[in-house]
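What follows is a set of notes on a single structure, which appears directly below.
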Amino acid sequence: MTTDLTKDTKDEGPQDTPPAAEAVVTAVDPRLLVREEGFAGYVGEFRRKLRSGELGSLPVVVGLIVIGLVFQLRDSAFLGAENLSNLFVTAAGTGLIAVGIVFVLILGEIDLSVGSVSGLAAAVFAVLNVNHGMPEWLALVLAVLSGTVIGALHGFFFARIGVPAFVVTLAGLLGWNGLMLEVLGSNGTINLDDSGLVAGLTNHYFSDVSAAYGLATLSVAAFFLVSWRDSKRREAAGVPSRPFSEVVLRTVALAVPAYAVAWLLNQYKGLPLAVVIFLGVVVALDFVLRRTSYGRKVFALGGSVEAARRAGINVAAIRISVFALSGTMAALGGMFLASQINAANQSSGAGSLLMNAIAAAVIGGTSLFGGRGKTWSALLGVLVIQSIASGMALLGIASAVQYMITGAVLLAAVVIDSVSRRTQKTAGRA
Amino acid sequence: MSATPVLALRGVSKRFGAVQALTDVELEIHPGEVVALVGDNGAGKSTLVKTIAGVGPADDGVIEWEGRPVTVDRPHVAQELGIATVYQDLALCDNLDVVGNLFLGREIVRAGVLDEVEMERRARELLSTLSIRIPSVRIPIASLSGGQRQTVAIARSLLGDPKIVILDEPTAALGVEQTAQVLDLVERLRERGLGVILISHNMADVKAVADRVAVLRLGRNNGTFEVKTTSQEEIISAITGATDNAVTRRKARTAEGTK
């Protein structure tokens, strides 16, 4: 019997006197995390986060700097405008796929089919456009939509039938690759129109210098206005807000790399269309993830499925939509990858693409354990992967070694993720 | 205390296969009243709560809401009526912050965008009127202690402006200080004029905050007591079955043995 028979000395009998509630409201709990205002508070919070294992994007930024230094010392062309510009363009395809992976990882699931889906989408586009003469834009839309449908199908099997996502997408990895080979037919390679829409995805540059600087200015200004307005609204509502000095500081922190990259791109061919689209997608999906109730639901599912269900969230619908998004992004990324080689062939979406996309998301700081992640991690992660690939190609290192190094980097990223999660747990933050 | 109960159960029965889990159970909750629902394991407390919360509708009997009979066959029906349930496992998302958890599933949206500022303001307001003290409304739930999580879960149930709050063993896993915080909160709910159904195994808690105690035994009412005028022993004997139970039988046996 669990009933407590012992007399409690605390509160016996009726409770007529109201508790001292009013007095408590004003009293400040000594354990409250009061952040100091201004710069000192910023540094203080940063150190506290580091100690409790919330590393965020720090390891990847450090990694990028190290990679940059190492390759620059071996070959001075590495940090040159041409190489970096090409690096950004080739990163877009894998990066787009990685953005979709980020969503799936936040759910705490995995999508192993993205490589095959991207290859299939390229094949679908090539067959519709080249073999059947369908207008490019329509073929492009249908190819991307085929990714959406495939993703939704994976989501359906996972969410409604209850097959583990790992298995569903593993089946997809093989199955969609087979379908791609079937669609491509006996030729095996279909060349695309080299002056067409899809070719332009990676070979179109806005050569006017004002394009790159304009985009940088626009981003910085938008960032400043949004954070300033947010800060003012918070102040008006009486909740903690960033002081103006901090808003300025953060804007400057964004402006420096933005203008540096813009300047760099202008040294070569100008602002690549691929970079604009990739950045646009990252920003748009970041907005969806952090600022809409849909994104909040995705995070909630990554935290606790049961809690989400009880809160009235349609768990199956969210899961299906996330896999559909992952399929869509895979197909879109596939179009960029096809654009780079100007063809759809039997090796489209094969090789290390899947691993690179997942590695990019994880290296950038999205947790494999679900519930934590940002679309920006896809951008940072894919830069790491692509820098390594580009640097090694520059130095003429064999792809065998490249695979091993990329594998080691992925392992390192997962180790950081696991260790930081453990630190967070002991610090009571996960 | 008003004359019409906000929630009344009349002759509620529930059957699971061969088990009669509830038989003709009666229960009344008035506004501004804390009713403790006690009973031994398997007495039917959880089953009764599920019939009220719409998770497991009753087979027989009537549920009256503010005097008129209603059908509560789904959880959201109960929520719309104004019945909020805080389950023992709390159901919070560890990775979301306090604000995110409070408003999960009913986010405040302004022009399609989450209105974080308004949600944070309302969260602070709510927590301060309930005198809930947590380090910050912007830290993940994972950083909070068990008692703080419990208070957040209770605060969340209040966002829908309920008239009845059902708390399933809110102090079961808590320390002394944290238990006191939760009991304070229960009293504040009563001051706000809410009806509270408090399920507990802990007689000290029940005596501390409840106005009335409804005892269930083997799926039937086994008395309702005014806390002020009832001793703990009377409640215990109602829970265990004063006349015929293992304790009295053993007493009788040992009395015989010593003869």
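Going through the structure tokens in order, the chains are called A, B, and so on, while each chain numbers its residues from 1 and the ligands are numbered from 1 in the order shown.
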Do me a favour and pick out the residues of chain B within 6 Å of chain A, using only C-alpha atoms, as a ChimeraX atom specification. /B:91-95,105,113-114,117,128,131,135,142-143,201-204,208,228
Using N, CA and C atoms, can you export the residues from the last selection as a PDB file, in the first residue's frame?
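Output file again-v3.pdb is given in full below:
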ATOM      1  N   ALA B  91       4.045  14.969 -20.483  1.00  0.00           N
ATOM      2  CA  ALA B  91       4.014  15.198 -21.927  1.00  0.00           C
ATOM      3  C   ALA B  91       4.524  16.575 -22.312  1.00  0.00           C
ATOM      4  N   LEU B  92       5.771  16.839 -21.995  1.00  0.00           N
ATOM      5  CA  LEU B  92       6.413  18.075 -22.442  1.00  0.00           C
ATOM      6  C   LEU B  92       7.515  17.706 -23.427  1.00  0.00           C
ATOM      7  N   CYS B  93       7.846  18.639 -24.312  1.00  0.00           N
ATOM      8  CA  CYS B  93       8.937  18.401 -25.250  1.00  0.00           C
ATOM      9  C   CYS B  93      10.229  18.942 -24.655  1.00  0.00           C
ATOM     10  N   ASP B  94      11.165  18.052 -24.361  1.00  0.00           N
ATOM     11  CA  ASP B  94      12.414  18.435 -23.703  1.00  0.00           C
ATOM     12  C   ASP B  94      13.222  19.466 -24.483  1.00  0.00           C
ATOM     13  N   ASN B  95      13.138  19.398 -25.804  1.00  0.00           N
ATOM     14  CA  ASN B  95      14.013  20.265 -26.609  1.00  0.00           C
ATOM     15  C   ASN B  95      13.440  21.658 -26.806  1.00  0.00           C
ATOM     16  N   GLY B 105       0.830  23.541 -29.900  1.00  0.00           N
ATOM     17  CA  GLY B 105      -0.478  23.158 -30.410  1.00  0.00           C
ATOM     18  C   GLY B 105      -1.476  24.294 -30.413  1.00  0.00           C
ATOM     19  N   VAL B 113       3.017  34.211 -39.009  1.00  0.00           N
ATOM     20  CA  VAL B 113       4.311  34.059 -38.351  1.00  0.00           C
ATOM     21  C   VAL B 113       4.085  33.908 -36.849  1.00  0.00           C
ATOM     22  N   LEU B 114       4.883  33.045 -36.231  1.00  0.00           N
ATOM     23  CA  LEU B 114       4.778  32.880 -34.781  1.00  0.00           C
ATOM     24  C   LEU B 114       5.028  34.218 -34.102  1.00  0.00           C
ATOM     25  N   VAL B 117       7.026  37.285 -29.355  1.00  0.00           N
ATOM     26  CA  VAL B 117       7.009  38.336 -28.341  1.00  0.00           C
ATOM     27  C   VAL B 117       5.743  38.230 -27.495  1.00  0.00           C
ATOM     28  N   SER B 128       3.866  34.411 -13.652  1.00  0.00           N
ATOM     29  CA  SER B 128       3.991  35.262 -12.471  1.00  0.00           C
ATOM     30  C   SER B 128       2.679  35.340 -11.694  1.00  0.00           C
ATOM     31  N   SER B 131       2.738  32.624  -9.542  1.00  0.00           N
ATOM     32  CA  SER B 131       3.949  32.624  -8.715  1.00  0.00           C
ATOM     33  C   SER B 131       4.848  31.432  -9.015  1.00  0.00           C
ATOM     34  N   PRO B 135      13.992  29.471 -13.970  1.00  0.00           N
ATOM     35  CA  PRO B 135      15.157  30.309 -14.281  1.00  0.00           C
ATOM     36  C   PRO B 135      14.923  31.281 -15.426  1.00  0.00           C
ATOM     37  N   ALA B 142      14.332  20.600 -20.625  1.00  0.00           N
ATOM     38  CA  ALA B 142      15.313  19.651 -20.085  1.00  0.00           C
ATOM     39  C   ALA B 142      16.093  20.232 -18.916  1.00  0.00           C
ATOM     40  N   SER B 143      16.232  21.569 -18.876  1.00  0.00           N
ATOM     41  CA  SER B 143      17.022  22.182 -17.802  1.00  0.00           C
ATOM     42  C   SER B 143      16.255  22.324 -16.502  1.00  0.00           C
ATOM     43  N   HIS B 201      -2.013   9.642  -3.859  1.00  0.00           N
ATOM     44  CA  HIS B 201      -1.869   8.555  -2.895  1.00  0.00           C
ATOM     45  C   HIS B 201      -1.387   9.097  -1.572  1.00  0.00           C
ATOM     46  N   ASN B 202      -1.032  10.390  -1.594  1.00  0.00           N
ATOM     47  CA  ASN B 202      -0.371  10.956  -0.433  1.00  0.00           C
ATOM     48  C   ASN B 202      -1.385  11.680   0.451  1.00  0.00           C
ATOM     49  N   MET B 203      -1.705  11.072   1.605  1.00  0.00           N
ATOM     50  CA  MET B 203      -2.730  11.620   2.485  1.00  0.00           C
ATOM     51  C   MET B 203      -2.351  13.005   2.997  1.00  0.00           C
ATOM     52  N   ALA B 204      -1.047  13.235   3.202  1.00  0.00           N
ATOM     53  CA  ALA B 204      -0.622  14.542   3.707  1.00  0.00           C
ATOM     54  C   ALA B 204      -0.982  15.628   2.698  1.00  0.00           C
ATOM     55  N   ALA B 208      -3.724  18.578   3.088  1.00  0.00           N
ATOM     56  CA  ALA B 208      -3.205  19.939   3.015  1.00  0.00           C
ATOM     57  C   ALA B 208      -4.033  20.831   2.095  1.00  0.00           C
ATOM     58  N   LYS B 228     -12.149  18.909   6.483  1.00  0.00           N
ATOM     59  CA  LYS B 228     -12.038  19.582   7.776  1.00  0.00           C
ATOM     60  C   LYS B 228     -12.495  18.698   8.931  1.00  0.00           C
TER      61      LYS B 228
END
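Shell of Met404 (chain A) at 12 Å, with only C-alpha atoms counted and residues fewer than 4 places along the chain excluded, is A:Ser352, A:Ile388, A:Ala389, A:Met392, A:Ile397, A:Ala398, A:Ser399, A:Ala400, A:Ala408, A:Val409, A:Leu410, A:Leu411.
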Apply DSSP to the structure's backbone, then extract all residues of region 229-354 of chain A labelled strand (DSSP E or B) and return them as a VMD selection string. chain A and resid 271 to 272 343 to 345
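Across A:Leu138, A:Asn203, A:Val163, A:Gly151, the tightest approach to Ala338 (chain A) is made by A:Asn203 when counting only C-alpha atoms.
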Write out as an MDAnalysis selection string all residues of region 7-205 of chain B that DSSP puts in helix (DSSP H, G or I) for this structure's backbone. chainID B and resid 45:53 75:81 98:102 116:129 141:143 146:158 176:191 203:205
Select, from A:Tyr403, A:Phe103, A:Trp376, A:Tyr268, the residue with the minimum atom-to-atom distance to Val60 (chain A), counting only C-alpha atoms. A:Trp376
I'd like the interatomic distance between CA of Arg422 (chain A) and CA of Ile97 (chain A), to a tenth of an Å.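 Distance between the two atoms: 28.3 Å.
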Close residues, region 37-40 of chain B itself excluded, 12 Å, only C-alpha atoms, min 5 positions apart in chain, as a PyMOL selection string: (chain A and resi 1-4) or (chain B and resi 25-29+45-49+166-169+196-203+205-207+210-225+235-241)
Hey, can you spit out that residue selection with C-alpha atoms as a short mmCIF file (atom, residue, chain, number, x, y, z; two decimals), in the first residue's frame?
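Okay, this is what ended up in out20.cif:
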data_model
loop_
_atom_site.label_atom_id
_atom_site.label_comp_id
_atom_site.auth_asym_id
_atom_site.auth_seq_id
_atom_site.Cartn_x
_atom_site.Cartn_y
_atom_site.Cartn_z
CA MET A 1 0.00 0.00 0.00
CA THR A 2 1.37 3.35 -0.98
CA THR A 3 -0.79 5.53 1.23
CA ASP A 4 1.27 7.62 3.56
CA VAL B 25 -19.91 6.23 -9.60
CA GLU B 26 -21.13 9.65 -8.50
CA LEU B 27 -18.89 12.71 -8.31
CA GLU B 28 -19.53 16.45 -8.09
CA ILE B 29 -17.08 19.29 -8.55
CA LYS B 45 -9.26 6.43 -10.34
CA SER B 46 -7.51 6.49 -13.70
CA THR B 47 -10.48 4.95 -15.46
CA LEU B 48 -12.74 7.59 -13.96
CA VAL B 49 -10.41 10.38 -15.03
CA ILE B 166 -7.55 17.26 -13.36
CA LEU B 167 -4.14 16.59 -11.82
CA ASP B 168 -2.97 12.99 -11.94
CA GLU B 169 -0.57 12.41 -9.03
CA VAL B 196 -9.64 20.86 -9.23
CA ILE B 197 -9.69 17.08 -9.21
CA LEU B 198 -6.55 15.94 -7.43
CA ILE B 199 -5.59 12.32 -7.69
CA SER B 200 -3.15 11.38 -5.00
CA HIS B 201 -1.87 8.55 -2.89
CA ASN B 202 -0.37 10.96 -0.43
CA MET B 203 -2.73 11.62 2.48
CA ASP B 205 -1.09 16.33 0.39
CA VAL B 206 -4.78 15.53 0.34
CA LYS B 207 -5.29 16.89 3.86
CA ALA B 210 -8.34 19.32 -0.63
CA ASP B 211 -11.80 20.50 0.45
CA ARG B 212 -13.47 17.17 -0.07
CA VAL B 213 -12.19 13.65 -0.51
CA ALA B 214 -14.00 11.21 -2.76
CA VAL B 215 -12.98 7.63 -2.10
CA LEU B 216 -13.19 4.91 -4.70
CA ARG B 217 -12.95 1.30 -3.74
CA LEU B 218 -13.14 -1.53 -6.27
CA GLY B 219 -14.81 0.75 -8.80
CA ARG B 220 -17.53 2.05 -6.49
CA ASN B 221 -18.00 5.15 -4.38
CA ASN B 222 -16.91 4.41 -0.86
CA GLY B 223 -17.84 7.70 0.74
CA THR B 224 -17.18 11.39 0.28
CA PHE B 225 -15.67 13.25 3.21
CA ILE B 235 -10.22 8.17 4.96
CA ILE B 236 -7.70 5.35 5.09
CA SER B 237 -10.28 2.93 6.30
CA ALA B 238 -12.61 3.99 3.50
CA ILE B 239 -9.84 3.41 1.00
CA THR B 240 -8.96 -0.02 2.32
CA GLY B 241 -12.50 -1.04 3.25
#
Quick one: residues within 12 Å of Leu174 (chain A), only C-alpha atoms, excluding same-chain residues fewer than 2 positions away - as a tab-separated table (two decimals) with N, CA and C atoms, in the first residue's frame?
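Final output, saved to out00.tsv:
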chain	number	residue	atom	x	y	z
A	112	LEU	N	17.50	7.79	-46.37
A	112	LEU	CA	18.64	7.25	-47.10
A	112	LEU	C	18.43	7.27	-48.61
A	113	SER	N	17.24	7.72	-49.03
A	113	SER	CA	16.91	7.61	-50.45
A	113	SER	C	17.26	8.84	-51.25
A	114	VAL	N	17.75	9.92	-50.58
A	114	VAL	CA	17.88	11.20	-51.28
A	114	VAL	C	18.79	11.12	-52.50
A	115	GLY	N	19.86	10.33	-52.42
A	115	GLY	CA	20.76	10.21	-53.57
A	115	GLY	C	20.03	9.66	-54.77
A	116	SER	N	19.35	8.53	-54.57
A	116	SER	CA	18.63	7.90	-55.67
A	116	SER	C	17.52	8.79	-56.21
A	117	VAL	N	16.83	9.47	-55.29
A	117	VAL	CA	15.73	10.35	-55.73
A	117	VAL	C	16.28	11.49	-56.59
A	119	GLY	N	18.93	11.43	-58.44
A	119	GLY	CA	19.28	10.87	-59.75
A	119	GLY	C	18.05	10.62	-60.60
A	120	LEU	N	17.00	10.09	-59.95
A	120	LEU	CA	15.76	9.79	-60.67
A	120	LEU	C	15.16	11.07	-61.23
A	167	VAL	N	14.24	1.73	-42.87
A	167	VAL	CA	13.99	0.63	-43.80
A	167	VAL	C	13.28	1.13	-45.06
A	168	VAL	N	12.28	1.99	-44.87
A	168	VAL	CA	11.53	2.50	-46.02
A	168	VAL	C	12.47	3.18	-47.00
A	169	THR	N	13.33	4.05	-46.46
A	169	THR	CA	14.18	4.82	-47.36
A	169	THR	C	15.35	3.99	-47.88
A	170	LEU	N	15.71	2.94	-47.14
A	170	LEU	CA	16.73	2.02	-47.65
A	170	LEU	C	16.18	1.29	-48.87
A	171	ALA	N	14.91	0.87	-48.75
A	171	ALA	CA	14.25	0.25	-49.91
A	171	ALA	C	14.20	1.25	-51.05
A	172	GLY	N	13.92	2.52	-50.72
A	172	GLY	CA	13.88	3.56	-51.73
A	172	GLY	C	15.22	3.75	-52.40
A	176	TRP	N	14.48	3.28	-56.22
A	176	TRP	CA	14.44	4.45	-57.10
A	176	TRP	C	15.66	4.49	-58.00
A	177	ASN	N	16.77	3.92	-57.54
A	177	ASN	CA	17.93	3.83	-58.40
A	177	ASN	C	17.62	2.91	-59.58
A	178	GLY	N	16.92	1.81	-59.27
A	178	GLY	CA	16.50	0.89	-60.33
A	178	GLY	C	15.58	1.58	-61.32
A	179	LEU	N	14.63	2.35	-60.79
A	179	LEU	CA	13.68	3.05	-61.66
A	179	LEU	C	14.41	4.05	-62.55
A	180	MET	N	15.44	4.70	-61.97
A	180	MET	CA	16.20	5.67	-62.77
A	180	MET	C	16.86	4.98	-63.96
A	181	LEU	N	17.48	3.80	-63.69
A	181	LEU	CA	18.13	3.06	-64.78
A	181	LEU	C	17.11	2.68	-65.84
A	349	GLY	N	23.40	10.68	-58.93
A	349	GLY	CA	22.89	10.41	-57.57
A	349	GLY	C	23.55	9.23	-56.91
A	350	ALA	N	24.57	8.66	-57.53
A	350	ALA	CA	25.23	7.51	-56.92
A	350	ALA	C	26.49	7.96	-56.18
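The two atoms in question, CA of Gln402 (chain A) and CA of Asp417 (chain A), are spaced 22.5 Å apart.
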What's the 9 Å shell around Trp263 (chain A), counting only C-alpha atoms, without same-chain residues fewer than 4 positions away, as a PyMOL selection string? chain A and resi 209+212-213+258-259+267+270
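Between CA of Thr423 (chain A) and CA of Val362 (chain A) the separation is 17.5 Å.
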For Ser227 (chain A): contacts at 9 Å, only C-alpha atoms, fewer than 5 positions along chain excluded, given as a PyMOL selection string: chain A and resi 222+232+242+247+251
List the neighbours of Ile110 (chain A) out to 8 Å using only C-alpha atoms; skip same-chain residues closer than 6 positions along the sequence, and give me the result as a ChimeraX atom specification. /A:101,104,165-166,169
Return the single residue from A:Leu337, A:Val382, A:Ala357, A:Ala317 that is closest to Arg160 (chain A), with distances computed using only C-alpha atoms. A:Ala317
Kindly indicate which residue among A:Gly373, A:Val384, A:Val248, A:Ala211 lies nearest to Trp228 (chain A), using only C-alpha atoms for the distances. A:Val248
